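Undergrad: Before anything else, here's the structure in question.
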Amino acid sequence: MIYLTRRAEFSASHVYHNPDLSPEENRRVFGKCNNPHGHGHNYTVEVTVAGEVNPTTGMVLDLKDLKKVLESEVLQLMDHRFLNKEVPAFATKIPTTENIALEIWKLLASKLDFARLHRIRLYETPDLYVDYYGD
Amino acid sequence: MIYLTRRYRFAASHRLHSDALSAEENARVYGKCNNPYGHGHNYVLEVTVAGEVDPATGMVYDLGALDQTVELEVLERFDHIHLNLDAERFRTQVPTTENLCIEIYSLLRPKLEADGQPGSARLASVRLEETNSNFFEYAGGSETPKAR
């Protein structure tokens, strides 16, 4: 088994706010991230797929295919967007880094018929990232 | 299950020396690190917690609480000190980065569980970089850190 990782970057803004909580509770739980006009990050996403090396090509998958799916399913949807307002999944779900990673997994898992998705790693800043393995 | 990792930095000095070894053996085993006056590193610490995402907050662990615990248990204890002379634990144990990594895990594990985070988040692993080229990772006992 070999693991291949492709990295991509996108920039987006978001706000952390739960309508079920009072304004005071929202501020307490989410702090600065509750600023109503939002704030932004340069996200780095790492997509890792797992598989066996194809003896004919010496590759685990065609990188172009992975790049294309990442571009069409994730970057086009999230790059330079206000996640809460412009990405349907975050109309009702708070776009925390955790939830964005889960959403990216969901978006990619169904499209990657040529490889097995192993991990999504999403950096919000160089000092903060989440990993999701689909379980 | 989602894994969240936060990166912290601290600087400390240490000397690798074992009282159980002769002066020659110490010099042979630890090389430059046995220099009697010690030397220092900028350590980079990665703390990984794991749990389920809390549907109310969308978060697996309150970052403020995590920062506070790491600040109190690790950074205040180890930042800008001489590990052999100023840290209780390393009066009797060689402060290699292996031992420091295990010590940080042991300090954090009970505190992070005591934080009472939703989604039963827990400490998953500690990764400690001594330099850009050297790092160690510990997930407790015989546990293997989640494949990277």
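By order in the structure tokens, chains are A, B, ...; within a chain, residues start at 1; ligands start at 1, following the order shown.
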Should the cut-off be 7 Å, what would the residue list for chain A against chain B look like, counting only C-alpha atoms, as a PyMOL selection string?

TA: chain A and resi 18+94+96+98-99+127-132+135

Undergrad: Generate the output file for the selected residues, N, CA and C atoms, as a PDB file, in the first residue's frame.

TA:
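Just written: selection-v6.pdb:
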```pdb
ATOM      1  N   ASN A  18     -24.037  30.203  16.231  1.00  0.00           N
ATOM      2  CA  ASN A  18     -25.109  29.214  16.332  1.00  0.00           C
ATOM      3  C   ASN A  18     -26.396  29.945  16.720  1.00  0.00           C
ATOM      4  N   ILE A  94     -22.073  25.171  11.098  1.00  0.00           N
ATOM      5  CA  ILE A  94     -21.034  26.181  11.313  1.00  0.00           C
ATOM      6  C   ILE A  94     -19.751  25.752  10.574  1.00  0.00           C
ATOM      7  N   THR A  96     -16.669  25.535  10.840  1.00  0.00           N
ATOM      8  CA  THR A  96     -15.416  25.378  11.575  1.00  0.00           C
ATOM      9  C   THR A  96     -14.455  24.577  10.704  1.00  0.00           C
ATOM     10  N   GLU A  98     -13.115  21.876  11.513  1.00  0.00           N
ATOM     11  CA  GLU A  98     -13.554  20.494  11.626  1.00  0.00           C
ATOM     12  C   GLU A  98     -14.627  20.180  10.581  1.00  0.00           C
ATOM     13  N   ASN A  99     -15.668  21.045  10.540  1.00  0.00           N
ATOM     14  CA  ASN A  99     -16.780  20.774   9.617  1.00  0.00           C
ATOM     15  C   ASN A  99     -16.374  20.929   8.154  1.00  0.00           C
ATOM     16  N   ASP A 127      -0.325  26.799  12.259  1.00  0.00           N
ATOM     17  CA  ASP A 127      -0.268  26.229  13.603  1.00  0.00           C
ATOM     18  C   ASP A 127      -1.535  25.494  14.012  1.00  0.00           C
ATOM     19  N   LEU A 128      -2.453  25.316  13.095  1.00  0.00           N
ATOM     20  CA  LEU A 128      -3.699  24.640  13.464  1.00  0.00           C
ATOM     21  C   LEU A 128      -4.228  23.841  12.286  1.00  0.00           C
ATOM     22  N   TYR A 129      -4.388  22.535  12.502  1.00  0.00           N
ATOM     23  CA  TYR A 129      -4.990  21.727  11.442  1.00  0.00           C
ATOM     24  C   TYR A 129      -5.809  20.597  12.006  1.00  0.00           C
ATOM     25  N   VAL A 130      -6.726  20.077  11.167  1.00  0.00           N
ATOM     26  CA  VAL A 130      -7.504  18.899  11.576  1.00  0.00           C
ATOM     27  C   VAL A 130      -7.290  17.787  10.548  1.00  0.00           C
ATOM     28  N   ASP A 131      -7.397  16.563  11.035  1.00  0.00           N
ATOM     29  CA  ASP A 131      -7.290  15.370  10.192  1.00  0.00           C
ATOM     30  C   ASP A 131      -8.582  14.589  10.289  1.00  0.00           C
ATOM     31  N   TYR A 132      -9.055  14.089   9.146  1.00  0.00           N
ATOM     32  CA  TYR A 132     -10.230  13.223   9.149  1.00  0.00           C
ATOM     33  C   TYR A 132      -9.949  12.024   8.265  1.00  0.00           C
ATOM     34  N   ASP A 135     -13.848   8.016   9.539  1.00  0.00           N
ATOM     35  CA  ASP A 135     -14.555   7.162  10.504  1.00  0.00           C
ATOM     36  C   ASP A 135     -14.786   7.877  11.812  1.00  0.00           C
TER      37      ASP A 135
END
```

Undergrad: Can you list every residue in chain B that DSSP puts in helix (DSSP H, G or I), as a PyMOL selection string?

TA: chain B and resi 23-34+63-78+83-86+88-91+97-114+118-120

Undergrad: Could you turn the residues from that selection into a file that holds C-alpha atoms, as a PDB file, in the first residue's frame?

TA:
```pdb
ATOM      1  CA  ALA B  23      32.765  10.113  31.517  1.00  0.00           C
ATOM      2  CA  GLU B  24      34.172   8.370  28.420  1.00  0.00           C
ATOM      3  CA  GLU B  25      30.966   6.464  27.781  1.00  0.00           C
ATOM      4  CA  ASN B  26      28.898   9.638  28.160  1.00  0.00           C
ATOM      5  CA  ALA B  27      31.125  11.393  25.644  1.00  0.00           C
ATOM      6  CA  ARG B  28      30.871   8.438  23.265  1.00  0.00           C
ATOM      7  CA  VAL B  29      27.074   7.964  23.551  1.00  0.00           C
ATOM      8  CA  TYR B  30      25.963  11.596  23.567  1.00  0.00           C
ATOM      9  CA  GLY B  31      28.770  13.292  21.606  1.00  0.00           C
ATOM     10  CA  LYS B  32      28.401  17.084  21.444  1.00  0.00           C
ATOM     11  CA  CYS B  33      25.215  16.859  23.508  1.00  0.00           C
ATOM     12  CA  ASN B  34      27.332  15.859  26.508  1.00  0.00           C
ATOM     13  CA  LEU B  63      -9.120  25.944  21.384  1.00  0.00           C
ATOM     14  CA  GLY B  64      -9.000  28.473  24.206  1.00  0.00           C
ATOM     15  CA  ALA B  65      -9.134  25.681  26.783  1.00  0.00           C
ATOM     16  CA  LEU B  66      -6.482  23.694  24.895  1.00  0.00           C
ATOM     17  CA  ASP B  67      -4.160  26.715  24.708  1.00  0.00           C
ATOM     18  CA  GLN B  68      -4.649  27.416  28.398  1.00  0.00           C
ATOM     19  CA  THR B  69      -3.845  23.853  29.452  1.00  0.00           C
ATOM     20  CA  VAL B  70      -0.760  23.627  27.237  1.00  0.00           C
ATOM     21  CA  GLU B  71       0.399  27.041  28.416  1.00  0.00           C
ATOM     22  CA  LEU B  72       0.005  26.089  32.066  1.00  0.00           C
ATOM     23  CA  GLU B  73       1.259  22.498  31.970  1.00  0.00           C
ATOM     24  CA  VAL B  74       3.982  22.695  29.352  1.00  0.00           C
ATOM     25  CA  LEU B  75       5.058  26.159  28.258  1.00  0.00           C
ATOM     26  CA  GLU B  76       5.226  27.741  31.704  1.00  0.00           C
ATOM     27  CA  ARG B  77       7.061  24.679  32.975  1.00  0.00           C
ATOM     28  CA  PHE B  78       9.635  24.232  30.207  1.00  0.00           C
ATOM     29  CA  LEU B  83      15.759  21.254  31.639  1.00  0.00           C
ATOM     30  CA  ASN B  84      18.300  19.327  33.769  1.00  0.00           C
ATOM     31  CA  LEU B  85      18.571  21.986  36.451  1.00  0.00           C
ATOM     32  CA  ASP B  86      15.161  23.671  36.481  1.00  0.00           C
ATOM     33  CA  GLU B  88      11.973  18.481  38.639  1.00  0.00           C
ATOM     34  CA  ARG B  89      11.437  15.487  36.330  1.00  0.00           C
ATOM     35  CA  PHE B  90      14.858  15.784  34.718  1.00  0.00           C
ATOM     36  CA  ARG B  91      16.923  15.924  37.868  1.00  0.00           C
ATOM     37  CA  THR B  97      13.649  14.731  23.367  1.00  0.00           C
ATOM     38  CA  GLU B  98      12.224  11.198  23.677  1.00  0.00           C
ATOM     39  CA  ASN B  99      11.861  11.588  27.447  1.00  0.00           C
ATOM     40  CA  LEU B 100      10.577  15.148  27.133  1.00  0.00           C
ATOM     41  CA  CYS B 101       7.950  14.029  24.609  1.00  0.00           C
ATOM     42  CA  ILE B 102       6.737  11.261  26.955  1.00  0.00           C
ATOM     43  CA  GLU B 103       6.745  13.684  29.917  1.00  0.00           C
ATOM     44  CA  ILE B 104       4.634  16.234  28.017  1.00  0.00           C
ATOM     45  CA  TYR B 105       2.163  13.495  27.056  1.00  0.00           C
ATOM     46  CA  SER B 106       1.924  12.384  30.710  1.00  0.00           C
ATOM     47  CA  LEU B 107       1.376  15.965  31.908  1.00  0.00           C
ATOM     48  CA  LEU B 108      -1.304  16.716  29.322  1.00  0.00           C
ATOM     49  CA  ARG B 109      -3.269  13.467  29.195  1.00  0.00           C
ATOM     50  CA  PRO B 110      -5.109  13.767  32.559  1.00  0.00           C
ATOM     51  CA  LYS B 111      -5.595  17.549  32.248  1.00  0.00           C
ATOM     52  CA  LEU B 112      -7.075  17.451  28.774  1.00  0.00           C
ATOM     53  CA  GLU B 113      -9.539  14.755  29.828  1.00  0.00           C
ATOM     54  CA  ALA B 114     -10.412  16.739  32.937  1.00  0.00           C
ATOM     55  CA  PRO B 118     -18.053  17.658  24.633  1.00  0.00           C
ATOM     56  CA  GLY B 119     -17.763  14.717  22.253  1.00  0.00           C
ATOM     57  CA  SER B 120     -15.427  12.925  24.680  1.00  0.00           C
TER      58      SER B 120
END
```

Undergrad: According to DSSP computed on the backbone, where in region 6-105 of chain A is there strand (DSSP E or B)? Give the residues as a list in words.

TA: Arg6, Arg7, Ala8, Glu9, Phe10, Ser11, Ala12, Ser13, His14, His39, Gly40, His41, Asn42, Tyr43, Thr44, Val45, Glu46, Val47, Thr48, Val49, Ala50, Gly51, Arg81 and Phe82 of chain A

Undergrad: Output C-alpha atoms for every residue in the selection just made, as a PDB file, in the first residue's frame.

TA:
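As written to disk, result-v8.pdb reads:
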```pdb
ATOM      1  CA  ARG A   6      -1.791  16.346  -3.085  1.00  0.00           C
ATOM      2  CA  ARG A   7      -1.868  19.833  -1.575  1.00  0.00           C
ATOM      3  CA  ALA A   8      -4.018  22.805  -2.641  1.00  0.00           C
ATOM      4  CA  GLU A   9      -4.750  26.222  -1.229  1.00  0.00           C
ATOM      5  CA  PHE A  10      -7.881  28.300  -1.071  1.00  0.00           C
ATOM      6  CA  SER A  11      -8.915  31.500   0.665  1.00  0.00           C
ATOM      7  CA  ALA A  12     -12.307  31.994   2.246  1.00  0.00           C
ATOM      8  CA  SER A  13     -14.115  33.851   4.980  1.00  0.00           C
ATOM      9  CA  HIS A  14     -16.459  32.548   7.649  1.00  0.00           C
ATOM     10  CA  HIS A  39     -13.030  36.985   8.866  1.00  0.00           C
ATOM     11  CA  GLY A  40     -10.843  34.990   6.508  1.00  0.00           C
ATOM     12  CA  HIS A  41      -8.065  32.452   6.230  1.00  0.00           C
ATOM     13  CA  ASN A  42      -5.731  30.999   3.657  1.00  0.00           C
ATOM     14  CA  TYR A  43      -6.594  27.331   3.949  1.00  0.00           C
ATOM     15  CA  THR A  44      -4.299  24.529   2.855  1.00  0.00           C
ATOM     16  CA  VAL A  45      -5.942  21.205   2.147  1.00  0.00           C
ATOM     17  CA  GLU A  46      -3.991  17.974   1.804  1.00  0.00           C
ATOM     18  CA  VAL A  47      -5.770  15.079   0.156  1.00  0.00           C
ATOM     19  CA  THR A  48      -4.195  11.681   0.746  1.00  0.00           C
ATOM     20  CA  VAL A  49      -5.217   8.638  -1.282  1.00  0.00           C
ATOM     21  CA  ALA A  50      -4.079   5.068  -0.726  1.00  0.00           C
ATOM     22  CA  GLY A  51      -3.562   2.288  -3.205  1.00  0.00           C
ATOM     23  CA  ARG A  81     -16.172  32.608  -0.897  1.00  0.00           C
ATOM     24  CA  PHE A  82     -17.947  33.570   2.301  1.00  0.00           C
TER      25      PHE A  82
END
```

Undergrad: Neighbouring residues of Cys33 (chain A) were defined as those with any atom within 8 Å, considering only C-alpha atoms; residues of the same chain fewer than 4 positions away were excluded. Please report them as a list in words.

TA: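 The residues that qualify are Val15, Tyr16, Gly38 and His39 of chain A.
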
Undergrad: Using N, CA and C atoms, can you write the selected residues to a file as a compact mmCIF listing (two decimals), in the first residue's frame?

TA:
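The result, stored in part_35.txt:
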```
# COMPACT_ATOMS: atom_id res chain seq x y z
N VAL A 15 -17.88 32.91 9.55
CA VAL A 15 -18.22 33.42 10.88
C VAL A 15 -18.74 32.23 11.67
N TYR A 16 -18.37 32.18 12.97
CA TYR A 16 -18.89 31.11 13.83
C TYR A 16 -20.07 31.68 14.60
N GLY A 38 -17.66 38.37 9.72
CA GLY A 38 -16.75 37.30 9.33
C GLY A 38 -15.30 37.72 9.31
N HIS A 39 -14.46 36.75 9.01
CA HIS A 39 -13.03 36.99 8.87
C HIS A 39 -12.53 35.86 7.98
```
